[in-house]
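> I am sharing my_file-v8.cif, which consists of mmCIF, C-alpha atoms and all ligand atoms:
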data_query
loop_
_atom_site.label_atom_id
_atom_site.label_comp_id
_atom_site.auth_asym_id
_atom_site.auth_seq_id
_atom_site.Cartn_x
_atom_site.Cartn_y
_atom_site.Cartn_z
CA MET F 1 7.59 14.34 24.33
CA LEU F 2 7.58 12.63 20.92
CA GLU F 3 9.75 13.34 17.94
CA ILE F 4 9.29 11.93 14.44
CA GLN F 5 12.50 12.11 12.45
CA GLY F 6 12.67 11.44 8.71
CA ILE F 7 10.12 8.64 8.69
CA LYS F 8 9.56 6.88 5.35
CA LYS F 9 7.31 3.93 4.69
CA SER F 10 6.23 2.18 1.50
CA PHE F 11 3.75 -0.64 1.05
CA GLY F 12 4.77 -2.36 -2.17
CA GLY F 13 4.68 0.46 -4.69
CA VAL F 14 2.73 2.86 -2.48
CA GLU F 15 4.83 5.45 -0.69
CA ALA F 16 2.58 6.01 2.32
CA ILE F 17 4.99 8.26 4.26
CA LYS F 18 7.62 10.19 2.34
CA GLY F 19 9.90 11.63 4.98
CA SER F 20 7.97 13.15 7.86
CA ASN F 21 9.36 15.24 10.70
CA PHE F 22 7.38 16.70 13.55
CA ILE F 23 7.20 17.06 17.32
CA ILE F 24 4.37 16.30 19.73
CA GLU F 25 4.52 18.60 22.72
CA LYS F 26 3.71 17.59 26.26
CA ASN F 27 0.36 18.75 27.75
CA LYS F 28 -0.97 19.75 24.33
CA ILE F 29 -3.57 18.34 21.97
CA THR F 30 -1.98 17.89 18.57
CA ALA F 31 -4.31 17.07 15.69
CA LEU F 32 -3.14 15.15 12.65
CA ILE F 33 -5.39 15.96 9.70
CA GLY F 34 -5.37 15.14 6.01
CA PRO F 35 -7.49 13.53 3.30
CA ASN F 36 -8.13 9.78 3.07
CA GLY F 37 -4.94 7.87 2.39
CA ALA F 38 -2.69 10.75 3.55
CA GLY F 39 -0.81 8.37 5.86
CA LYS F 40 -2.24 9.36 9.25
CA THR F 41 -3.01 5.86 10.52
CA THR F 42 0.30 4.58 9.13
CA LEU F 43 2.10 7.17 11.29
CA PHE F 44 0.10 6.06 14.34
CA ASP F 45 1.02 2.44 13.64
CA ILE F 46 4.68 3.37 13.30
CA ILE F 47 4.68 5.32 16.60
CA ALA F 48 2.91 2.46 18.41
CA GLY F 49 5.26 -0.19 16.97
CA PHE F 50 2.66 -1.96 14.82
CA THR F 51 4.43 -1.00 11.59
CA ARG F 52 8.18 -0.71 11.03
CA PRO F 53 9.29 2.33 9.04
CA ASP F 54 11.76 1.88 6.14
CA GLU F 55 13.75 4.89 7.33
CA GLY F 56 13.77 7.36 10.19
CA ARG F 57 13.35 7.30 13.94
CA VAL F 58 10.70 7.80 16.59
CA LEU F 59 12.01 9.36 19.80
CA TYR F 60 9.86 9.21 22.91
CA GLU F 61 11.09 11.27 25.84
CA GLY F 62 14.50 11.19 24.18
CA GLU F 63 14.56 7.40 23.80
CA ASP F 64 14.63 5.72 20.38
CA ILE F 65 11.56 3.46 20.29
CA THR F 66 11.53 2.81 16.52
CA ASP F 67 12.24 -0.91 16.75
CA LYS F 68 10.38 -1.71 19.93
CA GLU F 69 7.44 -4.12 20.11
CA PRO F 70 3.92 -2.69 20.56
CA HIS F 71 3.47 -4.01 24.13
CA ILE F 72 6.81 -2.50 25.19
CA ILE F 73 5.81 0.86 23.72
CA ALA F 74 2.42 0.60 25.44
CA ASN F 75 4.15 -0.07 28.75
CA LEU F 76 6.36 2.95 28.23
CA GLY F 77 3.17 5.02 28.32
CA ILE F 78 1.84 5.37 24.79
CA SER F 79 -1.83 4.40 24.75
CA ARG F 80 -3.89 4.27 21.56
CA THR F 81 -7.23 3.53 20.01
CA PHE F 82 -7.73 1.99 16.57
CA GLN F 83 -9.61 3.44 13.60
CA GLN F 84 -11.32 0.06 13.19
CA VAL F 85 -12.64 -0.88 16.62
CA ARG F 86 -10.75 -3.93 17.85
CA LEU F 87 -12.68 -5.68 20.58
CA PHE F 88 -13.55 -9.36 21.12
CA LYS F 89 -17.24 -9.77 20.33
CA ASN F 90 -17.83 -12.75 22.62
CA LEU F 91 -16.12 -11.25 25.65
CA THR F 92 -17.69 -8.82 28.09
CA ILE F 93 -16.92 -5.20 28.94
CA GLY F 94 -15.48 -6.40 32.26
CA ASP F 95 -13.21 -8.91 30.48
CA HIS F 96 -11.78 -6.12 28.34
CA LEU F 97 -11.16 -3.80 31.27
CA SER F 98 -9.47 -6.67 33.19
CA MET F 99 -7.17 -7.38 30.25
CA VAL F 100 -6.17 -3.73 30.06
CA GLU F 101 -5.55 -3.59 33.79
CA ASN F 102 -3.41 -6.75 33.77
CA ASN F 103 -1.53 -6.00 30.59
CA GLY F 104 0.65 -8.95 29.59
CA ASP F 105 -0.70 -11.40 32.21
CA MET F 106 -1.04 -14.41 29.90
CA ASN F 107 -2.70 -16.63 32.53
CA LEU F 108 -5.47 -14.14 33.07
CA ILE F 109 -5.95 -13.67 29.32
CA LYS F 110 -6.10 -17.45 28.77
CA ASN F 111 -8.68 -17.83 31.53
CA ILE F 112 -10.80 -15.06 30.10
CA PHE F 113 -10.80 -16.68 26.66
CA ARG F 114 -11.60 -20.08 28.21
CA LYS F 115 -14.59 -18.39 29.85
CA LYS F 116 -13.33 -19.20 33.33
CA LYS F 117 -14.52 -16.99 36.12
CA VAL F 118 -11.85 -14.36 36.69
CA LYS F 119 -11.77 -12.44 39.94
CA ARG F 120 -11.97 -8.74 39.23
CA VAL F 121 -9.83 -6.95 41.76
CA LYS F 122 -10.99 -3.58 40.59
CA GLN F 123 -14.67 -4.27 39.95
CA GLU F 124 -15.69 -0.93 41.48
CA THR F 125 -13.16 1.01 39.46
CA TYR F 126 -14.52 -0.63 36.30
CA GLU F 127 -18.07 0.29 37.26
CA GLN F 128 -16.89 3.84 37.76
CA VAL F 129 -15.30 3.80 34.29
CA LEU F 130 -18.66 2.85 32.77
CA GLU F 131 -20.39 5.61 34.68
CA ASP F 132 -17.77 8.18 33.69
CA PHE F 133 -18.17 7.19 30.06
CA GLY F 134 -21.95 7.15 30.13
CA ILE F 135 -22.10 3.46 29.20
CA LYS F 136 -25.36 2.27 30.70
CA GLN F 137 -24.72 -1.47 30.29
CA THR F 138 -23.25 -3.65 33.05
CA LEU F 139 -19.74 -5.12 33.11
CA GLU F 140 -21.22 -8.49 32.08
CA THR F 141 -22.54 -7.14 28.78
CA HIS F 142 -20.98 -8.76 25.72
CA ILE F 143 -19.37 -6.55 23.09
CA ASN F 144 -21.87 -8.03 20.61
CA ASP F 145 -24.64 -6.24 22.46
CA LEU F 146 -23.05 -2.79 22.31
CA SER F 147 -23.72 -0.21 19.61
CA PHE F 148 -20.85 0.97 17.42
CA GLY F 149 -20.70 4.24 19.38
CA GLN F 150 -20.55 2.42 22.71
CA ARG F 151 -17.73 0.25 21.38
CA LYS F 152 -15.81 3.37 20.43
CA LEU F 153 -16.43 4.80 23.90
CA LEU F 154 -15.20 1.59 25.50
CA GLN F 155 -12.09 1.66 23.35
CA ILE F 156 -11.30 5.18 24.53
CA ALA F 157 -12.04 4.14 28.13
CA MET F 158 -9.57 1.26 27.76
CA ALA F 159 -6.87 3.49 26.30
CA LEU F 160 -7.35 5.96 29.15
CA GLN F 161 -7.42 3.33 31.85
CA LYS F 162 -3.94 2.14 30.97
CA PRO F 163 -1.30 4.19 32.74
CA HIS F 164 -0.07 6.49 29.99
CA LYS F 165 1.70 9.72 29.18
CA LEU F 166 0.60 10.04 25.57
CA LEU F 167 -2.86 9.19 24.30
CA MET F 168 -3.33 8.61 20.56
CA LEU F 169 -6.88 8.59 19.20
CA ASP F 170 -7.55 7.53 15.60
CA GLU F 171 -10.86 9.15 14.53
CA PRO F 172 -12.62 8.83 17.90
CA VAL F 173 -15.91 10.36 16.71
CA ALA F 174 -16.09 8.97 13.16
CA GLY F 175 -19.27 7.06 12.44
CA VAL F 176 -20.94 7.60 15.82
CA ASN F 177 -24.27 9.35 16.34
CA LYS F 178 -24.51 13.00 17.42
CA VAL F 179 -25.25 12.16 21.07
CA ILE F 180 -22.16 10.00 21.52
CA GLN F 181 -20.13 12.44 19.42
CA THR F 182 -20.96 15.19 21.92
CA GLU F 183 -20.16 12.86 24.82
CA ILE F 184 -16.77 12.04 23.34
CA GLU F 185 -16.03 15.69 22.63
CA ASN F 186 -16.92 16.66 26.20
CA LEU F 187 -14.66 13.92 27.45
CA LEU F 188 -11.82 15.21 25.31
CA LEU F 189 -12.41 18.73 26.62
CA LYS F 190 -12.09 17.40 30.18
CA LEU F 191 -8.85 15.66 29.23
CA LYS F 192 -7.62 18.93 27.76
CA GLU F 193 -8.34 20.69 31.06
CA LYS F 194 -6.35 17.97 32.80
CA ASN F 195 -3.40 18.74 30.51
CA GLU F 196 -3.29 15.29 28.93
CA THR F 197 -0.93 14.94 25.99
CA ILE F 198 -3.00 13.79 23.03
CA LEU F 199 -2.36 13.04 19.38
CA LEU F 200 -5.72 13.12 17.64
CA ILE F 201 -6.62 12.10 14.10
CA ASP F 202 -9.92 13.48 12.88
CA HIS F 203 -11.63 14.63 9.71
CA ASP F 204 -14.06 16.88 11.59
CA ILE F 205 -12.46 20.29 11.09
CA GLU F 206 -14.83 22.03 13.52
CA LEU F 207 -13.94 19.54 16.23
CA VAL F 208 -10.23 19.97 15.54
CA HIS F 209 -10.74 23.73 15.79
CA ARG F 210 -12.39 23.42 19.19
CA LEU F 211 -9.91 20.95 20.66
CA ALA F 212 -6.46 21.22 19.18
CA ASP F 213 -3.59 23.43 20.32
CA HIS F 214 -1.49 22.50 17.32
CA VAL F 215 -2.43 21.06 13.92
CA ILE F 216 -0.28 19.05 11.54
CA ALA F 217 -1.67 18.64 8.01
CA LEU F 218 -0.53 15.64 6.04
CA ASP F 219 -1.12 15.04 2.34
CA ALA F 220 0.17 12.09 0.35
CA GLY F 221 2.68 11.21 3.06
CA ILE F 222 4.13 14.70 3.49
CA VAL F 223 3.54 17.35 6.15
CA ILE F 224 2.21 20.26 4.05
CA CYS F 225 1.60 22.70 6.89
CA GLU F 226 1.61 22.90 10.67
CA GLY F 227 0.81 25.48 13.31
CA ALA F 228 -2.10 27.00 15.22
CA PRO F 229 -5.54 25.62 14.21
CA ASN F 230 -6.86 28.88 12.71
CA GLU F 231 -3.74 29.28 10.54
CA VAL F 232 -3.53 25.69 9.31
CA LEU F 233 -7.24 25.27 8.70
CA LYS F 234 -7.36 28.25 6.33
CA ASN F 235 -4.07 27.54 4.60
CA PRO F 236 -4.67 27.28 0.81
CA LYS F 237 -2.57 24.10 0.52
CA VAL F 238 -4.63 22.42 3.23
CA LEU F 239 -7.92 23.55 1.70
CA GLU F 240 -6.81 22.28 -1.70
CA ALA F 241 -5.75 18.91 -0.28
CA TYR F 242 -9.20 18.49 1.26
CA LEU F 243 -11.22 19.87 -1.64
CA GLY F 244 -9.19 17.87 -4.12
CA GLU F 245 -10.37 14.61 -2.52
N1 LIG F 301 -0.90 -2.55 5.38
C1 LIG F 301 -0.93 -1.88 4.24
N2 LIG F 301 -0.69 -2.47 3.06
C2 LIG F 301 -0.71 -1.80 1.90
N3 LIG F 301 -0.99 -0.47 1.79
C3 LIG F 301 -1.27 0.17 2.93
C4 LIG F 301 -1.26 -0.48 4.20
N4 LIG F 301 -1.56 0.44 5.16
C5 LIG F 301 -1.75 1.61 4.50
N5 LIG F 301 -1.57 1.45 3.17
C6 LIG F 301 -1.65 2.53 2.17
O1 LIG F 301 -0.91 3.63 2.66
C7 LIG F 301 -1.59 4.85 2.38
C8 LIG F 301 -1.88 5.61 3.67
O2 LIG F 301 -2.88 4.90 4.41
P1 LIG F 301 -3.37 5.35 5.84
O3 LIG F 301 -4.32 4.31 6.33
O4 LIG F 301 -2.22 5.65 6.69
O5 LIG F 301 -4.17 6.70 5.52
P2 LIG F 301 -5.05 7.62 6.45
O6 LIG F 301 -4.51 8.99 6.34
O7 LIG F 301 -5.17 7.04 7.80
O8 LIG F 301 -6.46 7.57 5.70
P3 LIG F 301 -7.98 7.57 6.28
O9 LIG F 301 -8.33 9.01 6.55
O10 LIG F 301 -8.77 7.02 5.15
O11 LIG F 301 -8.01 6.71 7.48
C9 LIG F 301 -2.83 4.48 1.57
O12 LIG F 301 -2.54 4.59 0.23
C10 LIG F 301 -3.07 3.04 1.99
O13 LIG F 301 -3.75 2.33 0.97
MG MG F 302 -6.71 6.32 8.94
#
Show this structure as structure tokens.
Ligand SMILES: Nc1ncnc2c1ncn2[C@@H]1O[C@H](COP(=O)(O)OP(=O)(O)OP(=O)(O)O)[C@@H](O)[C@H]1O
Ligand SMILES: [Mg+2]


Amino acid sequence: MLEIQGIKKSFGGVEAIKGSNFIIEKNKITALIGPNGAGKTTLFDIIAGFTRPDEGRVLYEGEDITDKEPHIIANLGISRTFQQVRLFKNLTIGDHLSMVENNGDMNLIKNIFRKKKVKRVKQETYEQVLEDFGIKQTLETHINDLSFGQRKLLQIAMALQKPHKLLMLDEPVAGVNKVIQTEIENLLLKLKEKNETILLIDHDIELVHRLADHVIALDAGIVICEGAPNEVLKNPKVLEAYLGE
């Protein structure tokens, strides 16, 4: 489904990615693990078109998407969440779901930001999304009034609601309480049953063990090991990279 070929990326003097190659297989959960600063988020940003690599290519279903804009890549079916939650604090849950639904409709987006009343064609679908995600608030609730965990849930809901073939989640359970963590994990297990193709970044090794079909370990911008979870997670190089943090 996705192929990373010889990707390199430096930020000033920092070589964040030093020549990575790997494949993301369809209908599998692939986990990208590695210590802080390993380059995981940078790879996500490169795949999603938010960062241009210095060298290398990203192939998606055989097509070179390396130089495409983020919204084009999103429309091709790559949906993502961000490590730092990116939502508009003064807008409502419903506003966010409408914007996802009508991706690229500038008039609708302008009206939402001008606080004009926007007709929600799929009001019931949105209510269902909230129910599915265990978000108890109404569609009119402002992002300001949501907890950090609920914001993360909403971000995942938005990524899922967009028509997609590949879902990329950057630390979906980091920083949320145990209850929401379990909710998110259960949700991911359901997605796994549905054969979704997912690229997951997470530091929680136990979670990776329970969810992933394939694990890619990154350290200092290089893939140090990849394979089945129980092999990778006990590999001495991987253990050293984590313990050496
Ligand atoms: N926009 C940027 N400008 C400068 N340096 C950057 C930028 N983005 C990332 N870096 C650097 O690139 C390296 C890799 O960062 P990245 O965020 O990809 O790591 P990560 O594996 O996602 O880490 P974490 O687990 O902490 O999220 C780090 O040294 C980071 O400081
Ligand atoms: Mg990161």

> In the coordinate frame of the file, compute which residues have an atom within 10 Å of (-16.9, -2.2, 19.6) when using only C-alpha atoms, and state them as an NGL selection string.

:F and (84-89 or 93 or 142-155)

> Counting all atoms listed in the file, what are the residues, protein, DNA or RNA alike, that approach ligand MG 302 (chain F) to within 8 Å? I want them as a list in words.

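Taking all atoms listed in the file into account, the residues around ligand MG 302 (chain F) at most 8 Å away are Asn36, Gly37, Gly39, Lys40, Thr41, Thr42, Gln83, Asp170, Glu171 and Ile201 of chain F.
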
> Could you tell me how far CA of Ile46 in chain F lies from CA of Asp204 in chain F, in Å and to one decimal?

23.2 Å

> Can you build me a table of chain F residues sitting at most 9 Å from ligand LIG 301 (chain F), with the closest atom pair per residue and its distance in Å to one decimal, using only C-alpha atoms and all ligand atoms, sorted by chain and residue number, as a Markdown table?


| residue | atom | partner | partner_atom | distance |
| --- | --- | --- | --- | --- |
| F:Lys9 | CA | F:LIG301 | O1 | 8.5 |
| F:Ser10 | CA | F:LIG301 | O1 | 7.4 |
| F:Phe11 | CA | F:LIG301 | C2 | 4.7 |
| F:Gly12 | CA | F:LIG301 | C2 | 6.8 |
| F:Gly13 | CA | F:LIG301 | N3 | 8.7 |
| F:Val14 | CA | F:LIG301 | O12 | 6.2 |
| F:Glu15 | CA | F:LIG301 | O1 | 6.9 |
| F:Ala16 | CA | F:LIG301 | O1 | 4.2 |
| F:Ile17 | CA | F:LIG301 | C8 | 7.4 |
| F:Leu32 | CA | F:LIG301 | O6 | 8.9 |
| F:Ile33 | CA | F:LIG301 | O6 | 7.8 |
| F:Gly34 | CA | F:LIG301 | O6 | 6.2 |
| F:Pro35 | CA | F:LIG301 | O9 | 5.6 |
| F:Asn36 | CA | F:LIG301 | O10 | 3.5 |
| F:Gly37 | CA | F:LIG301 | O5 | 3.4 |
| F:Ala38 | CA | F:LIG301 | O6 | 3.8 |
| F:Gly39 | CA | F:LIG301 | O4 | 3.2 |
| F:Lys40 | CA | F:LIG301 | O6 | 3.7 |
| F:Thr41 | CA | F:LIG301 | O7 | 3.7 |
| F:Thr42 | CA | F:LIG301 | O4 | 3.7 |
| F:Leu43 | CA | F:LIG301 | O4 | 6.5 |
| F:Phe44 | CA | F:LIG301 | O4 | 8.0 |
| F:Asp45 | CA | F:LIG301 | O4 | 8.3 |
| F:Thr51 | CA | F:LIG301 | N1 | 8.3 |
| F:Gln83 | CA | F:LIG301 | O11 | 7.1 |
| F:Asp170 | CA | F:LIG301 | O7 | 8.2 |
| F:Glu171 | CA | F:LIG301 | O11 | 8.0 |
| F:Ile201 | CA | F:LIG301 | O7 | 8.2 |
| F:Asp202 | CA | F:LIG301 | O9 | 7.9 |
| F:His203 | CA | F:LIG301 | O9 | 7.2 |
| F:Leu218 | CA | F:LIG301 | O6 | 7.8 |
| F:Asp219 | CA | F:LIG301 | O6 | 8.0 |
| F:Ala220 | CA | F:LIG301 | C8 | 7.6 |
| F:Gly221 | CA | F:LIG301 | C8 | 7.2 |

> Taking 6 positions as the minimum chain separation for residues in the same chain, which residues sit within 9 Å of Ala157 in chain F when counting all atoms listed in the file? Answer as a list in words.

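The residues that qualify are Leu97, Val129, Leu130, Asp132 and Phe133 of chain F.
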
> Take CA of Leu2 in chain F and CA of Ser79 in chain F and report the distance between them in Å, one decimal.

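Atom-to-atom, CA of Leu2 in chain F to CA of Ser79 in chain F, that is 13.1 Å.
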
> List the spatial neighbours of Ala74 in chain F as number ranges by chain - criterion: any atom at most 12 Å away, all atoms listed in the file, same-chain residues fewer than 6 positions off excluded.

F: 47-50, 60, 65, 68, 80-81, 100, 103-104, 159-160, 162-168

> Using only C-alpha atoms, which of F:Pro236, F:Phe82, F:Glu193, F:Asn102 sits nearest Val173 in chain F?

F:Phe82

> Would you work out the distance separating CA of Gly175 in chain F from CA of Leu199 in chain F, expressed in Å to one decimal?

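For CA of Gly175 in chain F relative to CA of Leu199 in chain F, the distance reads 19.2 Å.
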
> Would you pick out the contacts of Leu233 in chain F at 12 Å or less, using all atoms listed in the file, so that residues sharing its chain but fewer than 4 positions from it are not included, and give the list as a VMD selection string?

chain F and resid 31 to 34 203 to 210 212 214 to 217 224 to 229 237 to 242

> Output C-alpha atoms for every residue in that selection, as a compact mmCIF listing (two decimals), keeping the file's coordinate frame.


# COMPACT_ATOMS: atom_id res chain seq x y z
CA ALA F 31 -4.31 17.07 15.69
CA LEU F 32 -3.14 15.15 12.65
CA ILE F 33 -5.39 15.96 9.70
CA GLY F 34 -5.37 15.14 6.01
CA HIS F 203 -11.63 14.63 9.71
CA ASP F 204 -14.06 16.88 11.59
CA ILE F 205 -12.46 20.29 11.09
CA GLU F 206 -14.83 22.03 13.52
CA LEU F 207 -13.94 19.54 16.23
CA VAL F 208 -10.23 19.97 15.54
CA HIS F 209 -10.74 23.73 15.79
CA ARG F 210 -12.39 23.42 19.19
CA ALA F 212 -6.46 21.22 19.18
CA HIS F 214 -1.49 22.50 17.32
CA VAL F 215 -2.43 21.06 13.92
CA ILE F 216 -0.28 19.05 11.54
CA ALA F 217 -1.67 18.64 8.01
CA ILE F 224 2.21 20.26 4.05
CA CYS F 225 1.60 22.70 6.89
CA GLU F 226 1.61 22.90 10.67
CA GLY F 227 0.81 25.48 13.31
CA ALA F 228 -2.10 27.00 15.22
CA PRO F 229 -5.54 25.62 14.21
CA LYS F 237 -2.57 24.10 0.52
CA VAL F 238 -4.63 22.42 3.23
CA LEU F 239 -7.92 23.55 1.70
CA GLU F 240 -6.81 22.28 -1.70
CA ALA F 241 -5.75 18.91 -0.28
CA TYR F 242 -9.20 18.49 1.26

> Which residue, F:Met158, F:Leu169, F:Thr92, F:Ile29, has the smallest gap to Lys190 in chain F when you use only C-alpha atoms?

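For Lys190 in chain F, the nearest of the given residues is F:Ile29.
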